[in-house]
Amino acid sequence: MLLNAILLALREIKRNIMRSFLTILGIVIGVSAVITMVTLGEGATTQITQQIASMGSNLLMVSPGRRMMGPGQASTPSMFKMDDVEAITRDIGSVKAVAPVSSQSVTVVYGNENWQTTVTGSNNNYITIGNRSIKNGRLFTETESRNGAAVCIIGETIHKELFGGQDFLGEKIRLKNLSCEIIGLLEEKGQSTMGTDQDDMVIIPLSTFQRRVSGNQDISLIQVSIKDGISTEKAQKKIELLMRDRRHISASEDDDFTVMDMKEIASMLTSTTRILTALLGAVAAVSLLVGGIGIMNIMMVSVTERTREIGTRLAIGAIESEVMMQFLVEAVVLSSFGGIIGIVLALSSTFFLARLLLLPFVLNWGIVIISFLFSAAVGVVFGYFPALKAARLDPIEALRHE
């Protein structure tokens, strides 16, 4: 009985192929929109997770100033000094590496070429903690870091913009009034989660930065890498207690610094991305309901057009449930076709969109299956009333219908 109903449904769909396609268009758009939004959202979440992980495992960021300020509140944070970095290295036993960081936007000049970039003063730990490596050249020597030598390591963007990708080792570039020798090139890393170019940078020893670029001993950020197997939460609390003591903060006062765990940042960003993905998916799912209404309208028209056929079937012995099954199956077949076409369209378009947006293509088979089942359910729900109307037709009145 079911197979016969499916064959009859396919015959009717084939008979009015254009009308059938226009009927399922809403389902096609709805299914493809839902899968596309969710898949791109999953790709964005995966990219955020990967990029946060690439910034360093078990990483804590210690920065001056409170994380959030209330309305009307203002604060001029007290910067860190080298003594604070040494205290963390000395007193926190779970620390693997510490990198003091100070940065400034500077125009870098080589010959007739110039480029606005970020100059960062730090040590070799800055490169190690950030999971970066040297592509060509070398790191700073201990003597260069201690004495403030005029040497630098550049990113791939600087290499391309100033040297056109040509030889650069041993060449000198100018940063303000500092002429420094290039001793290394960082491996390319691409854009960060926030869209900034991680290769657009020049790294010089911290002592060189303080003497020749900033003119002060301030440190704007301390990156702390925790040993493997050690809880970052415990290390975070120890650093907070140490910094409160060093900055003479009483028990009644709030911190004037922030210790951020990169795991916390990753969790916050991925949570935000998932919420936005769910909202976009929900908005896209509305078109499925619109498509369902379209199916119901067309099925109502179909019942009216085929009134004499229905009357004939009822007159020769067909029961109401068989007539109802026929029209219900036709509605489900229509919506299922829409679901299949929508899935194919979504997978192909999402693959190319992911490559265009530089996102990983992460296929969630769960949402594909749910979308297809939902499209079939739309056919059941919105096909029920036209099928019920067909089943309840009076055979005599139906045969008189013109």
# chains A, B, ... in the order shown; residues from 1 in each chain; ligands from 1
>>> closest_atom_pairs(of="range 273-328 of chain A", to="range 388-394 of chain A", cutoff="10 Å", atoms="only C-alpha atoms", output="Markdown table")
| residue | atom | partner | partner_atom | distance |
| --- | --- | --- | --- | --- |
| A:Met299 | CA | A:Ala390 | CA | 9.8 |
| A:Met300 | CA | A:Lys389 | CA | 8.3 |
| A:Ser302 | CA | A:Ala390 | CA | 9.5 |
| A:Val303 | CA | A:Ala390 | CA | 6.0 |
| A:Thr304 | CA | A:Ala390 | CA | 8.5 |
| A:Arg306 | CA | A:Ala390 | CA | 9.0 |
| A:Thr307 | CA | A:Ala390 | CA | 7.7 |
| A:Ile310 | CA | A:Ala390 | CA | 7.0 |
| A:Gly311 | CA | A:Asp394 | CA | 7.1 |
| A:Leu314 | CA | A:Asp394 | CA | 8.4 |
| A:Ala315 | CA | A:Asp394 | CA | 9.4 |
| A:Ala318 | CA | A:Ala391 | CA | 9.8 |
| A:Ile319 | CA | A:Ala391 | CA | 8.1 |
| A:Glu320 | CA | A:Ala391 | CA | 4.7 |
| A:Ser321 | CA | A:Ala391 | CA | 6.9 |
| A:Glu322 | CA | A:Ala391 | CA | 8.0 |
| A:Val323 | CA | A:Ala391 | CA | 5.3 |
| A:Met324 | CA | A:Ala391 | CA | 5.1 |
| A:Met325 | CA | A:Ala391 | CA | 8.8 |
| A:Gln326 | CA | A:Ala391 | CA | 9.5 |
| A:Phe327 | CA | A:Ala390 | CA | 7.7 |
| A:Leu328 | CA | A:Leu388 | CA | 8.6 |
>>> residues_around(residues="Asn216 in chain A", least_positions_apart="5", cutoff="10 Å", atoms="only C-alpha atoms", output="list in words")
Lys81, Ser207, Phe209, Gln210 and Arg211 of chain A
>>> select_by_dssp(residues="range 237-328 of chain A", states="alpha helix (DSSP H)", output="PyMOL selection string")
chain A and resi 237-246+262-305+307-315+320-328
>>> closest_residue(among="A:Val362, A:Leu60, A:Leu7, A:Leu178", to="Lys237 in chain A", atoms="only C-alpha atoms")
A:Leu60
>>> atom_distance(atom1="CA of Trp365 in chain A", atom2="CA of Ile35 in chain A")
9.5 Å
>>> residues_around(residues="Thr196 in chain A", least_positions_apart="5", cutoff="12 Å", atoms="only C-alpha atoms", output="PyMOL selection string")
chain A and resi 51+117-118+157+189-191+201
>>> write_last_selection(atoms="C-alpha atoms", output="JSON list (two decimals), in the first residue's frame")
[["chain", "number", "residue", "atom", "x", "y", "z"],
["A", 51, "GLN", "CA", 44.33, 29.70, 16.83],
["A", 117, "THR", "CA", 54.14, 47.89, 11.82],
["A", 118, "THR", "CA", 54.28, 46.82, 15.46],
["A", 157, "THR", "CA", 54.84, 40.48, 6.10],
["A", 189, "LYS", "CA", 51.44, 32.25, 10.97],
["A", 190, "GLY", "CA", 48.67, 34.18, 9.16],
["A", 191, "GLN", "CA", 45.76, 36.09, 10.65],
["A", 201, "MET", "CA", 55.85, 42.54, 13.42]]
>>> residues_around(residues="Ala266 in chain A", least_positions_apart="3", cutoff="8 Å", atoms="only C-alpha atoms", output="list in words")
Ile48, Thr49, Ile52, Met262, Lys263, Leu269 and Thr270 of chain A
>>> residues_around(residues="Asp218 in chain A", least_positions_apart="5", cutoff="10 Å", atoms="only C-alpha atoms", output="list of chain:residue names")
A:Ser78, A:Met79, A:Phe80, A:Lys81, A:Met82, A:Pro100, A:Val101, A:Ser102, A:Gln210
>>> write_last_selection(atoms="C-alpha atoms", output="PDB file, in the first residue's frame")
ATOM      1  CA  SER A  78      50.567  51.129  36.872  1.00  0.00           C
ATOM      2  CA  MET A  79      52.817  49.326  34.399  1.00  0.00           C
ATOM      3  CA  PHE A  80      54.949  46.338  35.329  1.00  0.00           C
ATOM      4  CA  LYS A  81      58.717  46.466  35.787  1.00  0.00           C
ATOM      5  CA  MET A  82      61.433  43.891  35.213  1.00  0.00           C
ATOM      6  CA  PRO A 100      57.971  40.382  29.306  1.00  0.00           C
ATOM      7  CA  VAL A 101      56.392  42.279  26.419  1.00  0.00           C
ATOM      8  CA  SER A 102      56.241  45.934  25.381  1.00  0.00           C
ATOM      9  CA  GLN A 210      63.213  50.342  26.471  1.00  0.00           C
TER      10      GLN A 210
END
>>> residues_around(residues="Val381 in chain A", least_positions_apart="2", cutoff="12 Å", atoms="only C-alpha atoms", output="list in words")
Leu288, Leu289, Gly291, Gly292, Ile293, Ile295, Met296, Leu328, Val329, Ala331, Val332, Ser335, Phe374, Ser375, Ala376, Ala377, Val378, Gly379, Gly383, Tyr384, Phe385, Pro386, Ala387 and Leu388 of chain A
>>> residues_around(residues="Pro205 in chain A", least_positions_apart="4", cutoff="8 Å", atoms="only C-alpha atoms", output="VMD selection string")
chain A and resid 121 to 123 140 144 to 145 148 to 149 151 to 152 209
>>> closest_residue(among="A:Ser179, A:Thr120, A:Asn58, A:Gln50", to="Ala235 in chain A", atoms="only C-alpha atoms")
A:Asn58
>>> atom_distance(atom1="CA of Gly229 in chain A", atom2="CA of Ala97 in chain A")
14.6 Å
>>> atom_distance(atom1="CA of Val301 in chain A", atom2="CA of Ile27 in chain A")
18.5 Å
>>> decode(residues="range 109-233 of chain A", atoms="C-alpha atoms", output="mmCIF file, in the first residue's frame")
data_model
loop_
_atom_site.group_PDB
_atom_site.id
_atom_site.type_symbol
_atom_site.label_atom_id
_atom_site.label_comp_id
_atom_site.auth_asym_id
_atom_site.auth_seq_id
_atom_site.Cartn_x
_atom_site.Cartn_y
_atom_site.Cartn_z
ATOM 1 C CA VAL A 109 62.230 51.955 6.866
ATOM 2 C CA TYR A 110 64.560 50.140 4.472
ATOM 3 C CA GLY A 111 66.036 52.114 1.571
ATOM 4 C CA ASN A 112 63.118 53.718 -0.268
ATOM 5 C CA GLU A 113 60.563 51.361 1.276
ATOM 6 C CA ASN A 114 58.622 51.939 4.500
ATOM 7 C CA TRP A 115 55.872 50.106 6.353
ATOM 8 C CA GLN A 116 53.774 50.830 9.437
ATOM 9 C CA THR A 117 54.143 47.887 11.818
ATOM 10 C CA THR A 118 54.285 46.824 15.463
ATOM 11 C CA VAL A 119 57.669 46.691 17.169
ATOM 12 C CA THR A 120 57.745 44.311 20.136
ATOM 13 C CA GLY A 121 60.400 44.281 22.793
ATOM 14 C CA SER A 122 60.815 40.915 24.510
ATOM 15 C CA ASN A 123 63.139 37.924 24.816
ATOM 16 C CA ASN A 124 63.444 34.502 23.177
ATOM 17 C CA ASN A 125 60.699 33.144 25.475
ATOM 18 C CA TYR A 126 58.204 35.324 23.582
ATOM 19 C CA ILE A 127 58.814 33.230 20.465
ATOM 20 C CA THR A 128 58.835 29.927 22.365
ATOM 21 C CA ILE A 129 55.682 30.629 24.385
ATOM 22 C CA GLY A 130 53.803 31.689 21.267
ATOM 23 C CA ASN A 131 54.600 28.361 19.556
ATOM 24 C CA ARG A 132 56.578 30.194 16.890
ATOM 25 C CA SER A 133 59.834 29.198 15.282
ATOM 26 C CA ILE A 134 62.617 30.737 13.238
ATOM 27 C CA LYS A 135 62.387 30.073 9.493
ATOM 28 C CA ASN A 136 65.746 31.632 8.623
ATOM 29 C CA GLY A 137 68.485 33.013 10.823
ATOM 30 C CA ARG A 138 68.646 32.712 14.602
ATOM 31 C CA LEU A 139 67.310 33.878 17.964
ATOM 32 C CA PHE A 140 68.853 36.541 20.215
ATOM 33 C CA THR A 141 71.982 35.573 22.111
ATOM 34 C CA GLU A 142 72.072 36.085 25.876
ATOM 35 C CA THR A 143 74.620 38.885 25.443
ATOM 36 C CA GLU A 144 72.414 40.687 22.879
ATOM 37 C CA SER A 145 69.385 40.496 25.161
ATOM 38 C CA ARG A 146 71.312 41.689 28.224
ATOM 39 C CA ASN A 147 73.241 44.508 26.562
ATOM 40 C CA GLY A 148 70.427 45.823 24.358
ATOM 41 C CA ALA A 149 72.041 45.075 21.021
ATOM 42 C CA ALA A 150 70.626 46.649 17.844
ATOM 43 C CA VAL A 151 69.366 43.388 16.339
ATOM 44 C CA CYS A 152 65.881 42.283 15.289
ATOM 45 C CA ILE A 153 63.752 39.368 14.074
ATOM 46 C CA ILE A 154 61.086 40.150 11.473
ATOM 47 C CA GLY A 155 57.792 38.583 10.392
ATOM 48 C CA GLU A 156 56.952 37.380 6.885
ATOM 49 C CA THR A 157 54.844 40.479 6.104
ATOM 50 C CA ILE A 158 57.828 42.772 6.760
ATOM 51 C CA HIS A 159 59.974 40.471 4.636
ATOM 52 C CA LYS A 160 57.574 40.791 1.697
ATOM 53 C CA GLU A 161 56.823 44.510 2.024
ATOM 54 C CA LEU A 162 60.404 45.764 2.468
ATOM 55 C CA PHE A 163 62.484 43.133 0.694
ATOM 56 C CA GLY A 164 60.023 41.645 -1.794
ATOM 57 C CA GLY A 165 60.830 38.197 -0.469
ATOM 58 C CA GLN A 166 64.553 38.586 -1.336
ATOM 59 C CA ASP A 167 67.626 38.053 0.876
ATOM 60 C CA PHE A 168 67.472 40.043 4.108
ATOM 61 C CA LEU A 169 69.829 38.516 6.718
ATOM 62 C CA GLY A 170 72.454 41.035 7.784
ATOM 63 C CA GLU A 171 70.523 43.968 6.291
ATOM 64 C CA LYS A 172 69.686 46.948 8.494
ATOM 65 C CA ILE A 173 66.272 48.562 8.948
ATOM 66 C CA ARG A 174 65.437 51.788 10.778
ATOM 67 C CA LEU A 175 62.915 52.004 13.636
ATOM 68 C CA LYS A 176 62.591 55.652 14.668
ATOM 69 C CA ASN A 177 66.229 56.576 15.463
ATOM 70 C CA LEU A 178 67.291 52.935 15.850
ATOM 71 C CA SER A 179 69.109 51.150 13.053
ATOM 72 C CA CYS A 180 69.013 47.414 13.736
ATOM 73 C CA GLU A 181 70.446 44.379 11.974
ATOM 74 C CA ILE A 182 68.068 41.597 10.879
ATOM 75 C CA ILE A 183 69.208 38.273 12.335
ATOM 76 C CA GLY A 184 66.105 36.105 11.787
ATOM 77 C CA LEU A 185 62.764 35.542 10.074
ATOM 78 C CA LEU A 186 59.730 34.025 11.825
ATOM 79 C CA GLU A 187 57.717 31.169 10.348
ATOM 80 C CA GLU A 188 54.526 32.475 8.739
ATOM 81 C CA LYS A 189 51.444 32.252 10.974
ATOM 82 C CA GLY A 190 48.675 34.179 9.156
ATOM 83 C CA GLN A 191 45.764 36.086 10.651
ATOM 84 C CA SER A 192 44.718 35.797 14.271
ATOM 85 C CA THR A 193 41.194 35.137 15.596
ATOM 86 C CA MET A 194 40.616 38.896 15.746
ATOM 87 C CA GLY A 195 41.701 39.365 12.125
ATOM 88 C CA THR A 196 45.113 40.913 12.852
ATOM 89 C CA ASP A 197 48.185 39.922 10.848
ATOM 90 C CA GLN A 198 50.451 37.890 13.153
ATOM 91 C CA ASP A 199 53.341 38.198 10.682
ATOM 92 C CA ASP A 200 53.321 42.010 10.633
ATOM 93 C CA MET A 201 55.852 42.535 13.422
ATOM 94 C CA VAL A 202 59.452 43.266 14.348
ATOM 95 C CA ILE A 203 60.883 41.767 17.542
ATOM 96 C CA ILE A 204 63.864 43.364 19.294
ATOM 97 C CA PRO A 205 65.421 42.671 22.710
ATOM 98 C CA LEU A 206 63.395 44.243 25.541
ATOM 99 C CA SER A 207 66.358 46.273 26.819
ATOM 100 C CA THR A 208 66.857 47.674 23.301
ATOM 101 C CA PHE A 209 63.167 48.581 23.088
ATOM 102 C CA GLN A 210 63.213 50.342 26.471
ATOM 103 C CA ARG A 211 66.362 52.363 25.747
ATOM 104 C CA ARG A 212 65.930 53.217 22.076
ATOM 105 C CA VAL A 213 62.191 53.088 21.293
ATOM 106 C CA SER A 214 59.960 53.695 24.338
ATOM 107 C CA GLY A 215 62.451 55.574 26.520
ATOM 108 C CA ASN A 216 61.144 54.008 29.750
ATOM 109 C CA GLN A 217 61.350 50.772 31.749
ATOM 110 C CA ASP A 218 57.624 49.938 31.513
ATOM 111 C CA ILE A 219 56.404 46.451 30.624
ATOM 112 C CA SER A 220 52.830 46.353 29.285
ATOM 113 C CA LEU A 221 52.284 42.572 29.320
ATOM 114 C CA ILE A 222 53.773 39.485 30.939
ATOM 115 C CA GLN A 223 53.222 36.139 29.223
ATOM 116 C CA VAL A 224 53.557 33.160 31.534
ATOM 117 C CA SER A 225 53.748 29.570 30.289
ATOM 118 C CA ILE A 226 52.856 26.938 32.903
ATOM 119 C CA LYS A 227 54.508 23.510 33.048
ATOM 120 C CA ASP A 228 52.613 20.593 31.520
ATOM 121 C CA GLY A 229 50.400 18.739 33.975
ATOM 122 C CA ILE A 230 50.093 21.765 36.280
ATOM 123 C CA SER A 231 46.688 23.399 36.775
ATOM 124 C CA THR A 232 46.605 26.866 35.234
ATOM 125 C CA GLU A 233 43.879 27.838 37.716
#
